[in-house]
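Visitor: Sending over upload_38.pdb (PDB, C-alpha atoms).
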```
ATOM      1  CA  MET F   1      93.836  79.448  38.785
ATOM      2  CA  MET F   2      90.892  80.538  36.613
ATOM      3  CA  ALA F   3      90.420  76.940  35.434
ATOM      4  CA  TYR F   4      90.428  75.724  39.042
ATOM      5  CA  ARG F   5      87.859  78.349  40.068
ATOM      6  CA  LYS F   6      85.627  77.385  37.144
ATOM      7  CA  PHE F   7      85.902  73.675  38.024
ATOM      8  CA  LYS F   8      85.098  74.460  41.662
ATOM      9  CA  GLN F   9      82.044  76.494  40.649
ATOM     10  CA  VAL F  10      80.755  73.687  38.402
ATOM     11  CA  PHE F  11      81.393  71.060  41.113
ATOM     12  CA  VAL F  12      79.610  73.090  43.803
ATOM     13  CA  ALA F  13      76.684  73.779  41.475
ATOM     14  CA  ALA F  14      76.347  70.074  40.650
ATOM     15  CA  ALA F  15      76.487  69.144  44.322
ATOM     16  CA  MET F  16      73.837  71.722  45.191
ATOM     17  CA  ALA F  17      71.615  70.460  42.372
ATOM     18  CA  ALA F  18      71.956  66.886  43.595
ATOM     19  CA  CYS F  19      71.029  67.932  47.117
ATOM     20  CA  ALA F  20      68.078  69.955  45.879
ATOM     21  CA  SER F  21      66.750  67.038  43.854
ATOM     22  CA  GLY F  22      67.140  64.613  46.744
ATOM     23  CA  ALA F  23      69.625  62.487  44.785
ATOM     24  CA  SER F  24      71.861  60.127  46.731
ATOM     25  CA  SER F  25      74.240  57.297  45.999
ATOM     26  CA  ALA F  26      73.488  54.641  48.618
ATOM     27  CA  VAL F  27      73.339  50.909  47.919
ATOM     28  CA  VAL F  28      70.134  49.544  49.446
ATOM     29  CA  THR F  29      69.935  45.747  49.729
ATOM     30  CA  MET F  30      66.941  43.499  50.409
ATOM     31  CA  SER F  31      67.161  39.728  50.883
ATOM     32  CA  ALA F  32      64.138  37.424  50.681
ATOM     33  CA  THR F  33      63.390  33.709  50.415
ATOM     34  CA  ALA F  34      60.569  32.195  48.355
ATOM     35  CA  ASP F  35      58.997  28.815  49.093
ATOM     36  CA  LEU F  36      58.097  27.641  45.602
ATOM     37  CA  SER F  37      56.081  24.751  47.008
ATOM     38  CA  LEU F  38      53.547  27.356  48.184
ATOM     39  CA  ALA F  39      53.627  29.462  45.011
ATOM     40  CA  ASN F  40      50.689  29.707  42.628
ATOM     41  CA  LEU F  41      51.281  27.486  39.574
ATOM     42  CA  ILE F  42      48.813  28.485  36.875
ATOM     43  CA  GLY F  43      48.197  26.405  33.764
ATOM     44  CA  GLY F  44      51.657  24.849  33.891
ATOM     45  CA  ASN F  45      53.157  27.986  32.339
ATOM     46  CA  THR F  46      53.002  30.657  35.072
ATOM     47  CA  ILE F  47      54.263  30.889  38.640
ATOM     48  CA  GLN F  48      53.343  33.642  41.109
ATOM     49  CA  ALA F  49      54.451  34.329  44.674
ATOM     50  CA  GLY F  50      54.260  37.280  47.028
ATOM     51  CA  ALA F  51      51.848  39.912  48.273
ATOM     52  CA  TYR F  52      51.396  41.513  44.829
ATOM     53  CA  PHE F  53      49.709  38.290  43.720
ATOM     54  CA  GLY F  54      47.850  37.621  46.976
ATOM     55  CA  ASN F  55      50.265  34.876  48.048
ATOM     56  CA  ALA F  56      52.448  36.297  50.821
ATOM     57  CA  ALA F  57      52.774  32.808  52.367
ATOM     58  CA  ALA F  58      55.169  31.832  49.563
ATOM     59  CA  LEU F  59      57.177  35.063  49.773
ATOM     60  CA  PRO F  60      56.586  36.952  53.056
ATOM     61  CA  LEU F  61      57.107  40.638  53.777
ATOM     62  CA  THR F  62      60.625  41.683  54.739
ATOM     63  CA  SER F  63      62.152  44.408  56.893
ATOM     64  CA  PRO F  64      61.340  47.680  55.084
ATOM     65  CA  VAL F  65      63.975  49.523  53.064
ATOM     66  CA  THR F  66      63.880  53.106  51.797
ATOM     67  CA  VAL F  67      65.192  54.001  48.339
ATOM     68  CA  ALA F  68      65.843  57.498  46.975
ATOM     69  CA  THR F  69      66.656  58.837  43.542
ATOM     70  CA  GLY F  70      70.269  58.014  42.714
ATOM     71  CA  ASP F  71      70.338  54.938  44.946
ATOM     72  CA  THR F  72      71.189  51.437  43.759
ATOM     73  CA  PHE F  73      68.600  48.859  44.819
ATOM     74  CA  VAL F  74      69.694  45.220  45.131
ATOM     75  CA  LEU F  75      67.213  42.367  45.607
ATOM     76  CA  ASN F  76      68.695  38.977  46.509
ATOM     77  CA  LEU F  77      65.930  36.389  46.160
ATOM     78  CA  ASP F  78      66.672  32.762  47.081
ATOM     79  CA  PHE F  79      64.463  29.700  46.850
ATOM     80  CA  LEU F  80      63.865  27.720  50.037
ATOM     81  CA  GLY F  81      66.115  24.708  50.640
ATOM     82  CA  ASN F  82      67.232  23.022  47.421
ATOM     83  CA  GLN F  83      64.321  24.252  45.315
ATOM     84  CA  GLN F  84      64.934  25.333  41.747
ATOM     85  CA  LEU F  85      62.726  26.669  38.980
ATOM     86  CA  THR F  86      62.810  25.565  35.352
ATOM     87  CA  VAL F  87      61.192  27.761  32.691
ATOM     88  CA  ASN F  88      61.003  26.584  29.097
ATOM     89  CA  ASN F  89      60.850  29.275  26.394
ATOM     90  CA  LEU F  90      61.052  32.061  28.958
ATOM     91  CA  ASN F  91      58.516  34.746  28.126
ATOM     92  CA  LEU F  92      58.455  37.095  31.117
ATOM     93  CA  ALA F  93      60.551  37.477  34.284
ATOM     94  CA  TRP F  94      59.561  39.872  37.020
ATOM     95  CA  ALA F  95      60.934  40.235  40.555
ATOM     96  CA  LEU F  96      59.302  43.240  42.175
ATOM     97  CA  VAL F  97      58.972  44.742  45.648
ATOM     98  CA  LEU F  98      55.816  46.569  46.721
ATOM     99  CA  THR F  99      55.820  49.899  48.501
ATOM    100  CA  GLN F 100      55.130  49.629  52.211
ATOM    101  CA  GLY F 101      51.392  49.618  52.727
ATOM    102  CA  TYR F 102      50.983  49.429  48.919
ATOM    103  CA  GLY F 103      50.752  53.214  48.694
ATOM    104  CA  GLN F 104      52.988  55.954  47.290
ATOM    105  CA  GLY F 105      52.146  55.301  43.651
ATOM    106  CA  SER F 106      54.867  56.864  41.530
ATOM    107  CA  THR F 107      56.378  56.929  38.080
ATOM    108  CA  ILE F 108      59.892  55.500  38.429
ATOM    109  CA  THR F 109      62.721  55.267  35.872
ATOM    110  CA  MET F 110      65.372  52.601  36.456
ATOM    111  CA  THR F 111      68.389  51.054  34.762
ATOM    112  CA  GLY F 112      68.585  47.498  36.017
ATOM    113  CA  THR F 113      69.911  43.992  35.522
ATOM    114  CA  MET F 114      68.255  40.720  36.457
ATOM    115  CA  GLU F 115      70.548  37.725  36.939
ATOM    116  CA  LEU F 116      69.165  34.191  37.229
ATOM    117  CA  LEU F 117      71.495  32.192  39.488
ATOM    118  CA  GLY F 118      72.375  28.518  39.463
ATOM    119  CA  ALA F 119      72.730  26.300  42.536
ATOM    120  CA  ASP F 120      76.412  27.308  42.761
ATOM    121  CA  ASN F 121      75.458  31.012  42.570
ATOM    122  CA  SER F 122      76.773  31.292  39.002
ATOM    123  CA  VAL F 123      74.842  33.467  36.532
ATOM    124  CA  VAL F 124      72.939  31.213  34.119
ATOM    125  CA  ALA F 125      71.081  34.040  32.331
ATOM    126  CA  SER F 126      70.876  37.833  32.598
ATOM    127  CA  ALA F 127      69.176  40.845  31.044
ATOM    128  CA  THR F 128      69.673  44.624  31.331
ATOM    129  CA  LYS F 129      67.401  47.523  30.386
ATOM    130  CA  THR F 130      66.308  51.079  31.171
ATOM    131  CA  ASN F 131      62.624  51.961  31.284
ATOM    132  CA  THR F 132      59.962  53.978  33.073
ATOM    133  CA  ASP F 133      57.091  52.370  34.959
ATOM    134  CA  GLY F 134      54.290  53.788  37.018
ATOM    135  CA  SER F 135      52.957  51.817  39.938
ATOM    136  CA  ILE F 136      53.446  50.929  43.604
ATOM    137  CA  HIS F 137      56.574  48.818  43.198
ATOM    138  CA  ILE F 138      60.272  48.958  42.412
ATOM    139  CA  SER F 139      62.215  46.975  39.737
ATOM    140  CA  GLN F 140      61.417  46.105  36.134
ATOM    141  CA  VAL F 141      59.702  43.567  33.905
ATOM    142  CA  PHE F 142      62.072  41.627  31.630
ATOM    143  CA  PHE F 143      61.117  39.619  28.555
ATOM    144  CA  GLY F 144      62.529  36.395  27.149
ATOM    145  CA  GLY F 145      64.190  38.091  24.209
ATOM    146  CA  GLU F 146      66.146  40.311  26.590
ATOM    147  CA  PHE F 147      67.684  37.139  28.054
ATOM    148  CA  GLY F 148      68.559  35.848  24.582
ATOM    149  CA  SER F 149      65.400  33.712  24.245
ATOM    150  CA  PRO F 150      66.700  30.596  26.046
ATOM    151  CA  ALA F 151      64.959  27.337  25.161
ATOM    152  CA  SER F 152      65.139  26.377  28.838
ATOM    153  CA  VAL F 153      66.645  27.921  31.940
ATOM    154  CA  THR F 154      66.931  26.369  35.416
ATOM    155  CA  PHE F 155      67.856  28.518  38.400
ATOM    156  CA  ALA F 156      67.890  28.420  42.210
ATOM    157  CA  GLY F 157      67.495  32.132  42.888
ATOM    158  CA  LEU F 158      67.975  35.543  41.333
ATOM    159  CA  ARG F 159      69.581  38.915  41.863
ATOM    160  CA  TYR F 160      68.157  42.218  40.642
ATOM    161  CA  THR F 161      70.383  45.318  40.691
ATOM    162  CA  GLY F 162      68.903  48.619  39.572
ATOM    163  CA  VAL F 163      69.734  52.327  39.773
ATOM    164  CA  VAL F 164      66.838  54.709  40.412
ATOM    165  CA  ASN F 165      67.275  57.423  37.790
ATOM    166  CA  ALA F 166      64.124  59.320  38.775
ATOM    167  CA  GLN F 167      60.916  58.847  40.754
ATOM    168  CA  ASP F 168      57.963  61.123  41.422
ATOM    169  CA  VAL F 169      57.697  60.129  45.099
ATOM    170  CA  ASN F 170      61.168  60.454  46.567
ATOM    171  CA  PRO F 171      62.129  58.565  48.626
ATOM    172  CA  ARG F 172      59.870  55.500  48.789
ATOM    173  CA  THR F 173      59.781  52.614  51.283
ATOM    174  CA  TYR F 174      59.370  48.957  50.246
ATOM    175  CA  ASP F 175      58.729  45.680  52.082
ATOM    176  CA  GLY F 176      56.695  43.332  49.836
ATOM    177  CA  PRO F 177      58.794  41.119  47.526
ATOM    178  CA  SER F 178      56.980  39.164  44.804
ATOM    179  CA  LEU F 179      57.875  37.201  41.682
ATOM    180  CA  TYR F 180      56.181  36.287  38.403
ATOM    181  CA  PHE F 181      57.568  34.053  35.640
ATOM    182  CA  THR F 182      55.906  32.764  32.499
ATOM    183  CA  GLY F 183      57.003  30.458  29.683
ATOM    184  CA  SER F 184      55.717  27.562  27.618
ATOM    185  CA  GLN F 185      56.236  25.384  30.703
ATOM    186  CA  VAL F 186      57.161  26.193  34.301
ATOM    187  CA  SER F 187      58.123  23.521  36.840
ATOM    188  CA  VAL F 188      59.521  23.377  40.374
ATOM    189  CA  GLY F 189      62.242  20.843  41.200
ATOM    190  CA  THR F 190      65.195  20.293  43.509
ATOM    191  CA  PHE F 191      68.950  20.054  43.079
ATOM    192  CA  VAL F 192      71.543  17.941  44.879
ATOM    193  CA  SER F 193      73.809  20.052  47.054
ATOM    194  CA  ASN F 194      77.529  19.796  46.331
ATOM    195  CA  ASP F 195      78.133  19.890  50.078
ATOM    196  CA  VAL F 196      76.801  16.335  50.475
ATOM    197  CA  PRO F 197      79.353  13.617  49.554
ATOM    198  CA  GLU F 198      78.295  11.210  46.819
ATOM    199  CA  PRO F 199      77.681   7.618  48.058
ATOM    200  CA  GLY F 200      80.818   6.302  46.314
ATOM    201  CA  SER F 201      83.031   8.992  47.813
ATOM    202  CA  LEU F 202      81.542   8.427  51.255
ATOM    203  CA  ALA F 203      82.192   4.662  51.039
ATOM    204  CA  LEU F 204      85.823   5.202  50.006
ATOM    205  CA  GLY F 205      86.311   7.605  52.886
ATOM    206  CA  LEU F 206      84.937   5.091  55.389
ATOM    207  CA  LEU F 207      87.199   2.337  53.999
ATOM    208  CA  ALA F 208      90.262   4.589  54.294
ATOM    209  CA  LEU F 209      89.330   5.448  57.873
ATOM    210  CA  ALA F 210      88.888   1.769  58.765
ATOM    211  CA  ALA F 211      92.250   0.867  57.188
ATOM    212  CA  ALA F 212      94.016   3.607  59.125
ATOM    213  CA  GLY F 213      92.496   2.377  62.371
ATOM    214  CA  SER F 214      93.539  -1.213  61.634
ATOM    215  CA  ALA F 215      97.124  -0.185  60.845
ATOM    216  CA  SER F 216      97.291   1.785  64.080
ATOM    217  CA  ARG F 217      96.196  -1.236  66.109
ATOM    218  CA  ARG F 218      98.866  -3.456  64.439
ATOM    219  CA  ARG F 219     101.759  -1.000  64.935
ATOM    220  CA  PRO F 220     104.408  -2.546  67.294
ATOM    221  CA  ALA F 221     105.012  -0.900  70.635
ATOM    222  CA  ALA F 222     108.137   1.197  71.102
ATOM    223  CA  PRO F 223     111.008  -0.446  73.016
ATOM    224  CA  GLY F 224     110.570  -0.127  76.742
ATOM    225  CA  SER F 225     106.933   0.814  76.508
ATOM    226  CA  LEU F 226     104.394  -0.973  78.651
ATOM    227  CA  ARG F 227     101.832  -3.208  76.962
ATOM    228  CA  PRO F 228      98.662  -4.473  78.589
TER     229      PRO F 228
END
```
The structure in this file should be written as structure tokens.
Guide:
Amino acid sequence: MMAYRKFKQVFVAAAMAACASGASSAVVTMSATADLSLANLIGGNTIQAGAYFGNAAALPLTSPVTVATGDTFVLNLDFLGNQQLTVNNLNLAWALVLTQGYGQGSTITMTGTMELLGADNSVVASATKTNTDGSIHISQVFFGGEFGSPASVTFAGLRYTGVVNAQDVNPRTYDGPSLYFTGSQVSVGTFVSNDVPEPGSLALGLLALAAAGSASRRRPAAPGSLRP
């Protein structure tokens, strides 16, 4: 009984401390789509998109989300259509979201993972870290070495998942996604969707359909049935 009382006291104290600090445990998700054809390509080795870099046309504002200490923030960022990005000798990868109105500057500590996703949504490269930053945005800057220093990586979108360990302004509201990648060479391309049949497969399918129709027309009528 004494052990139970002690556990209850510790549990209640921890709960009260969490409430007092404003900590929570919600999962807050933001989804955005970047049009890489409108992004800023600088010197063949840098790409920028979003309001943070003065290019909201390539990555527009989204519906605002509010994130508190203890929350998990998830950013799903796709590229428009079949666009994909290739970065050789990846140096820096940054997918950030600005505070609403670009105010509420705050020191924020996060533990997060950035996953670069292939056309089939598989993870082609990822990096995880914990650090403290101080600005008007959420998420973290990752460096090439944290991804394993890939010679080249091609991806069709990304996912950032980060836990807010602490922030001076709590909570904060965000609505301005942006991205920034650098390497020895950065290029925008397209991929072929697996949903579209290859020409050979399409031709075989049409032949099979034609053969089935021909066989149906040649099938003899059942006894007693009327024929035209």
Visitor: Do you know which residues are at most 10 Å from Arg159 in chain F counting only C-alpha atoms, after dropping those on the same chain fewer than 6 positions away, and could you put them as a PyMOL selection string?
Guide: chain F and resi 31+74-78+95+113-117+121+123+126
Visitor: Go ahead and save the residues from that selection, with C-alpha atoms, as a compact mmCIF listing (two decimals), in the frame of the given file.
Guide:
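Printed below is again03.txt as written:
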```
# COMPACT_ATOMS: atom_id res chain seq x y z
CA SER F 31 67.16 39.73 50.88
CA VAL F 74 69.69 45.22 45.13
CA LEU F 75 67.21 42.37 45.61
CA ASN F 76 68.69 38.98 46.51
CA LEU F 77 65.93 36.39 46.16
CA ASP F 78 66.67 32.76 47.08
CA ALA F 95 60.93 40.24 40.56
CA THR F 113 69.91 43.99 35.52
CA MET F 114 68.26 40.72 36.46
CA GLU F 115 70.55 37.72 36.94
CA LEU F 116 69.17 34.19 37.23
CA LEU F 117 71.50 32.19 39.49
CA ASN F 121 75.46 31.01 42.57
CA VAL F 123 74.84 33.47 36.53
CA SER F 126 70.88 37.83 32.60
```
Visitor: Could you check the closest approach to Asp120 in chain F for each of F:Phe53, F:Tyr174, F:Trp94, F:Phe191 and tell me which residue wins, using only C-alpha atoms?
Guide: F:Phe191
Visitor: In Å, rounded to a single decimal, give me how far CA of Leu158 in chain F is from CA of Ser122 in chain F.
Guide: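 CA of Leu158 in chain F lies 10.0 Å from CA of Ser122 in chain F.
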Visitor: Determine the nearest neighbour of Gly54 in chain F from the options F:Val27, F:Ser149, F:Val67, F:Asn40, counting all atoms listed in the file.
Guide: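 That would be F:Asn40, the residue with the smallest distance to Gly54 in chain F.
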Visitor: Evaluate the PyMOL selection byres ((chain F and resi 176) around 12) and record the selected residues as a PyMOL selection string, following the chain and residue labels used in the document.
Guide: chain F and resi 30-34+49-65+75+95-103+136-138+173-175+177-179
Visitor: Measure the distance from CA of Thr128 in chain F to CA of Phe147 in chain F in Å and round it to one decimal.
Guide: 8.4 Å
